[in-house]
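For reference, my_file-v3.cif (mmCIF, C-alpha atoms):
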data_work
loop_
_atom_site.group_PDB
_atom_site.id
_atom_site.type_symbol
_atom_site.label_atom_id
_atom_site.label_comp_id
_atom_site.auth_asym_id
_atom_site.auth_seq_id
_atom_site.Cartn_x
_atom_site.Cartn_y
_atom_site.Cartn_z
ATOM 1 C CA MET A 21 98.776 58.568 107.802
ATOM 2 C CA ILE A 22 97.259 60.728 110.530
ATOM 3 C CA THR A 23 96.781 64.277 109.252
ATOM 4 C CA ASN A 24 96.330 66.226 112.488
ATOM 5 C CA HIS A 25 100.024 66.882 113.148
ATOM 6 C CA SER A 26 100.658 69.486 115.809
ATOM 7 C CA SER A 27 104.437 69.498 115.396
ATOM 8 C CA VAL A 28 107.286 68.424 113.163
ATOM 9 C CA THR A 29 110.716 67.003 113.839
ATOM 10 C CA LEU A 30 113.528 66.561 111.351
ATOM 11 C CA ILE A 31 116.188 63.949 111.022
ATOM 12 C CA VAL A 32 118.852 65.772 109.045
ATOM 13 C CA GLY A 33 121.354 63.169 107.952
ATOM 14 C CA THR A 34 124.211 64.134 105.636
ATOM 15 C CA ARG A 35 127.837 63.104 105.177
ATOM 16 C CA LYS A 36 128.642 65.523 108.003
ATOM 17 C CA GLY A 37 126.378 63.616 110.417
ATOM 18 C CA ILE A 38 123.000 64.130 112.087
ATOM 19 C CA VAL A 39 121.993 67.616 113.229
ATOM 20 C CA LEU A 40 121.335 68.051 116.936
ATOM 21 C CA CYS A 41 120.173 71.266 118.663
ATOM 22 C CA LYS A 42 120.482 72.334 122.284
ATOM 23 C CA ARG A 43 117.255 73.960 123.448
ATOM 24 C CA GLU A 44 117.530 77.344 125.165
ATOM 25 C CA ASP A 45 114.576 76.780 127.495
ATOM 26 C CA ASN A 46 115.674 73.513 129.116
ATOM 27 C CA GLY A 47 119.184 72.702 127.870
ATOM 28 C CA ILE A 48 118.097 69.403 126.298
ATOM 29 C CA TRP A 49 119.734 68.298 123.045
ATOM 30 C CA GLU A 50 117.251 67.121 120.426
ATOM 31 C CA LEU A 51 116.477 67.041 116.735
ATOM 32 C CA PRO A 52 115.369 70.285 115.088
ATOM 33 C CA GLY A 53 111.621 70.833 114.939
ATOM 34 C CA GLY A 54 108.697 72.529 116.552
ATOM 35 C CA LYS A 55 105.046 73.438 116.432
ATOM 36 C CA ARG A 56 103.177 73.970 113.209
ATOM 37 C CA GLU A 57 101.773 77.480 112.802
ATOM 38 C CA LYS A 58 98.094 78.119 112.067
ATOM 39 C CA ASN A 59 97.186 77.160 108.460
ATOM 40 C CA GLU A 60 100.757 75.970 107.795
ATOM 41 C CA SER A 61 101.331 72.654 106.011
ATOM 42 C CA ILE A 62 103.560 70.131 107.752
ATOM 43 C CA SER A 63 106.119 70.307 104.945
ATOM 44 C CA LYS A 64 106.335 74.102 105.209
ATOM 45 C CA ALA A 65 106.626 73.809 108.989
ATOM 46 C CA ALA A 66 109.519 71.361 108.554
ATOM 47 C CA LYS A 67 111.391 73.713 106.220
ATOM 48 C CA ARG A 68 110.748 76.732 108.450
ATOM 49 C CA GLU A 69 111.776 74.994 111.677
ATOM 50 C CA LEU A 70 114.960 73.638 110.111
ATOM 51 C CA PHE A 71 116.033 77.101 109.012
ATOM 52 C CA GLU A 72 114.957 78.860 112.228
ATOM 53 C CA GLU A 73 116.754 76.421 114.518
ATOM 54 C CA THR A 74 119.858 75.580 112.487
ATOM 55 C CA GLY A 75 120.374 78.178 109.748
ATOM 56 C CA LEU A 76 120.257 75.363 107.166
ATOM 57 C CA THR A 77 118.068 75.273 104.087
ATOM 58 C CA GLY A 78 116.883 71.749 103.426
ATOM 59 C CA LYS A 79 116.261 69.872 100.201
ATOM 60 C CA ASN A 80 114.930 66.348 99.674
ATOM 61 C CA PHE A 81 112.418 66.373 102.546
ATOM 62 C CA LYS A 82 110.663 63.044 102.947
ATOM 63 C CA PHE A 83 107.834 62.341 105.373
ATOM 64 C CA ILE A 84 108.839 59.076 107.050
ATOM 65 C CA GLY A 85 106.492 58.576 109.966
ATOM 66 C CA GLU A 86 104.572 59.763 112.978
ATOM 67 C CA TRP A 87 105.691 59.972 116.577
ATOM 68 C CA ILE A 88 102.796 60.178 119.003
ATOM 69 C CA ILE A 89 103.428 61.368 122.555
ATOM 70 C CA GLN A 90 100.273 61.430 124.648
ATOM 71 C CA LYS A 91 97.952 63.644 122.548
ATOM 72 C CA ARG A 92 100.707 65.300 120.501
ATOM 73 C CA ILE A 93 101.145 63.991 116.952
ATOM 74 C CA ILE A 94 104.561 64.775 115.489
ATOM 75 C CA ALA A 95 105.296 64.433 111.766
ATOM 76 C CA VAL A 96 108.813 63.068 111.247
ATOM 77 C CA PHE A 97 110.758 64.107 108.152
ATOM 78 C CA LEU A 98 114.092 62.930 106.807
ATOM 79 C CA CYS A 99 116.235 65.530 105.066
ATOM 80 C CA THR A 100 119.402 64.316 103.358
ATOM 81 C CA LYS A 101 120.516 67.446 101.528
ATOM 82 C CA VAL A 102 121.147 70.856 103.084
ATOM 83 C CA SER A 103 122.878 74.089 102.216
ATOM 84 C CA GLY A 104 124.179 76.855 104.448
ATOM 85 C CA GLU A 105 126.134 76.829 107.683
ATOM 86 C CA LEU A 106 124.999 75.684 111.109
ATOM 87 C CA THR A 107 123.917 78.855 112.875
ATOM 88 C CA PRO A 108 122.658 79.020 116.468
ATOM 89 C CA SER A 109 119.422 80.899 117.183
ATOM 90 C CA TRP A 110 117.693 82.317 120.249
ATOM 91 C CA GLU A 111 115.831 78.979 120.569
ATOM 92 C CA THR A 112 118.890 76.825 119.952
ATOM 93 C CA PRO A 113 122.120 78.424 121.214
ATOM 94 C CA GLU A 114 124.153 75.386 120.091
ATOM 95 C CA VAL A 115 123.759 73.271 116.943
ATOM 96 C CA VAL A 116 126.116 70.481 115.919
ATOM 97 C CA PHE A 117 126.561 67.564 113.572
ATOM 98 C CA ILE A 118 127.033 64.269 115.421
ATOM 99 C CA HIS A 119 128.219 60.981 113.960
ATOM 100 C CA ASP A 120 127.284 58.213 116.379
ATOM 101 C CA TYR A 121 123.996 59.036 118.071
ATOM 102 C CA ARG A 122 124.028 55.768 120.030
ATOM 103 C CA GLN A 123 127.297 56.731 121.758
ATOM 104 C CA ASP A 124 126.909 60.512 122.036
ATOM 105 C CA ASN A 125 125.989 61.459 125.628
ATOM 106 C CA ARG A 126 124.077 64.541 124.489
ATOM 107 C CA VAL A 127 121.434 62.388 122.802
ATOM 108 C CA ASN A 128 118.566 61.575 125.179
ATOM 109 C CA ARG A 129 116.604 58.311 125.265
ATOM 110 C CA TYR A 130 113.600 59.797 123.442
ATOM 111 C CA THR A 131 115.769 60.974 120.535
ATOM 112 C CA LYS A 132 117.661 57.661 120.384
ATOM 113 C CA ASP A 133 114.342 55.778 120.276
ATOM 114 C CA LEU A 134 113.049 58.015 117.490
ATOM 115 C CA LEU A 135 116.242 57.608 115.442
ATOM 116 C CA ASP A 136 116.306 53.829 115.988
ATOM 117 C CA THR A 137 112.670 53.542 114.910
ATOM 118 C CA ALA A 138 113.196 55.740 111.846
ATOM 119 C CA PHE A 139 116.368 54.009 110.678
ATOM 120 C CA LEU A 140 115.019 50.486 111.206
ATOM 121 C CA SER A 141 111.686 51.165 109.506
ATOM 122 C CA LYS A 142 111.548 50.387 105.809
ATOM 123 C CA LYS A 143 107.965 51.502 105.067
ATOM 124 C CA GLY A 144 107.359 54.376 107.450
ATOM 125 C CA PHE A 145 106.102 54.110 111.020
ATOM 126 C CA ILE A 146 103.607 55.193 113.594
ATOM 127 C CA HIS A 147 105.130 55.062 117.055
ATOM 128 C CA ARG A 148 103.232 55.794 120.247
ATOM 129 C CA THR A 149 105.032 56.782 123.444
ATOM 130 C CA ILE A 150 103.111 56.966 126.701
#
Spit out the file's structure as structure tokens when you get a sec.
Amino acid sequence: MITNHSSVTLIVGTRKGIVLCKREDNGIWELPGGKREKNESISKAAKRELFEETGLTGKNFKFIGEWIIQKRIIAVFLCTKVSGELTPSWETPEVVFIHDYRQDNRVNRYTKDLLDTAFLSKKGFIHRTI
């Protein structure tokens, strides 16, 4: 495992579906996540970003892999248990549960690739995107 993670992303998968957020700055739909703050552990960053972007409090966080984009190393967590209600924020004016990410037009290629890699991997993964 690479330990120099600059960011986190979360795959929140529950019976309600997978959580997707629409970014305020560019209108792109993606998984919740963001940059790690100074001296913050990746697990604390994951919990903080989930709450800030969705209003949900997560339980059962599991580190499942690394997504590397150019020089950015993103820690990927799976969260299968949440409490609270989906609540938009200033960063994410829309948050939804989706059921079929392969067919949902809001899901971009990058997010589909990440979800495919995560769901097909049995032992964790390191994925590099150029």
Q: Could you check which of A:Glu73, A:Glu105, A:Asp124, A:Asp136 is closest to Arg43 (chain A), using all atoms listed in the file?
A: A:Glu73
**Q.** Residue nearest Gly37 (chain A) among A:Ser141, A:Ile88, A:Lys101, A:Asn125 (counting only C-alpha atoms)
**A.**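 Once distances to Gly37 (chain A) are computed over only C-alpha atoms, the minimum belongs to A:Lys101.
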Shell around Glu57 (chain A) at 12 Å using all atoms listed in the file, local window under 2 positions removed, as a PDB file with C-alpha atoms, in the frame of the given file:
ATOM      1  CA  HIS A  25     100.024  66.882 113.148  1.00  0.00           C
ATOM      2  CA  SER A  26     100.658  69.486 115.809  1.00  0.00           C
ATOM      3  CA  SER A  27     104.437  69.498 115.396  1.00  0.00           C
ATOM      4  CA  VAL A  28     107.286  68.424 113.163  1.00  0.00           C
ATOM      5  CA  GLY A  54     108.697  72.529 116.552  1.00  0.00           C
ATOM      6  CA  LYS A  55     105.046  73.438 116.432  1.00  0.00           C
ATOM      7  CA  ASN A  59      97.186  77.160 108.460  1.00  0.00           C
ATOM      8  CA  GLU A  60     100.757  75.970 107.795  1.00  0.00           C
ATOM      9  CA  SER A  61     101.331  72.654 106.011  1.00  0.00           C
ATOM     10  CA  ILE A  62     103.560  70.131 107.752  1.00  0.00           C
ATOM     11  CA  SER A  63     106.119  70.307 104.945  1.00  0.00           C
ATOM     12  CA  LYS A  64     106.335  74.102 105.209  1.00  0.00           C
ATOM     13  CA  ALA A  65     106.626  73.809 108.989  1.00  0.00           C
ATOM     14  CA  ALA A  66     109.519  71.361 108.554  1.00  0.00           C
ATOM     15  CA  ARG A  68     110.748  76.732 108.450  1.00  0.00           C
ATOM     16  CA  GLU A  69     111.776  74.994 111.677  1.00  0.00           C
TER      17      GLU A  69
END
Q. Evaluating the PyMOL selection byres ((chain A and resi 38-40) around 12) on the displayed file yields which residues, as a ChimeraX atom specification?
A. /A:29-37,41-43,48-53,70-71,73-76,78,98-102,105-108,112-122,124-128,131-132,135
Q.
What does the structure give for the distance between CA of Asp45 (chain A) and CA of Ser109 (chain A), in Å to one decimal?
A. 12.1 Å
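Shortest separation to Ile84 (chain A) among A:Tyr130, A:Gln123, A:Phe139, A:Arg56 occurs at residue A:Phe139, atoms counted being all atoms listed in the file.
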Q: Work out how far CA of Glu44 (chain A) is from CA of Ala138 (chain A), in Å to one decimal.
A: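 A separation of 25.7 Å between them.
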Q: Using only C-alpha atoms, pick whichever of A:Asn46, A:Thr137, A:Asn80, A:Asn24 has the shortest atom-to-atom distance to Ala95 (chain A).
A: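 Smallest distance to Ala95 (chain A) is found for A:Asn24.
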Q) Which distance in Å separates CA of Ser103 (chain A) and CA of Arg129 (chain A), to one decimal? A) 28.6 Å
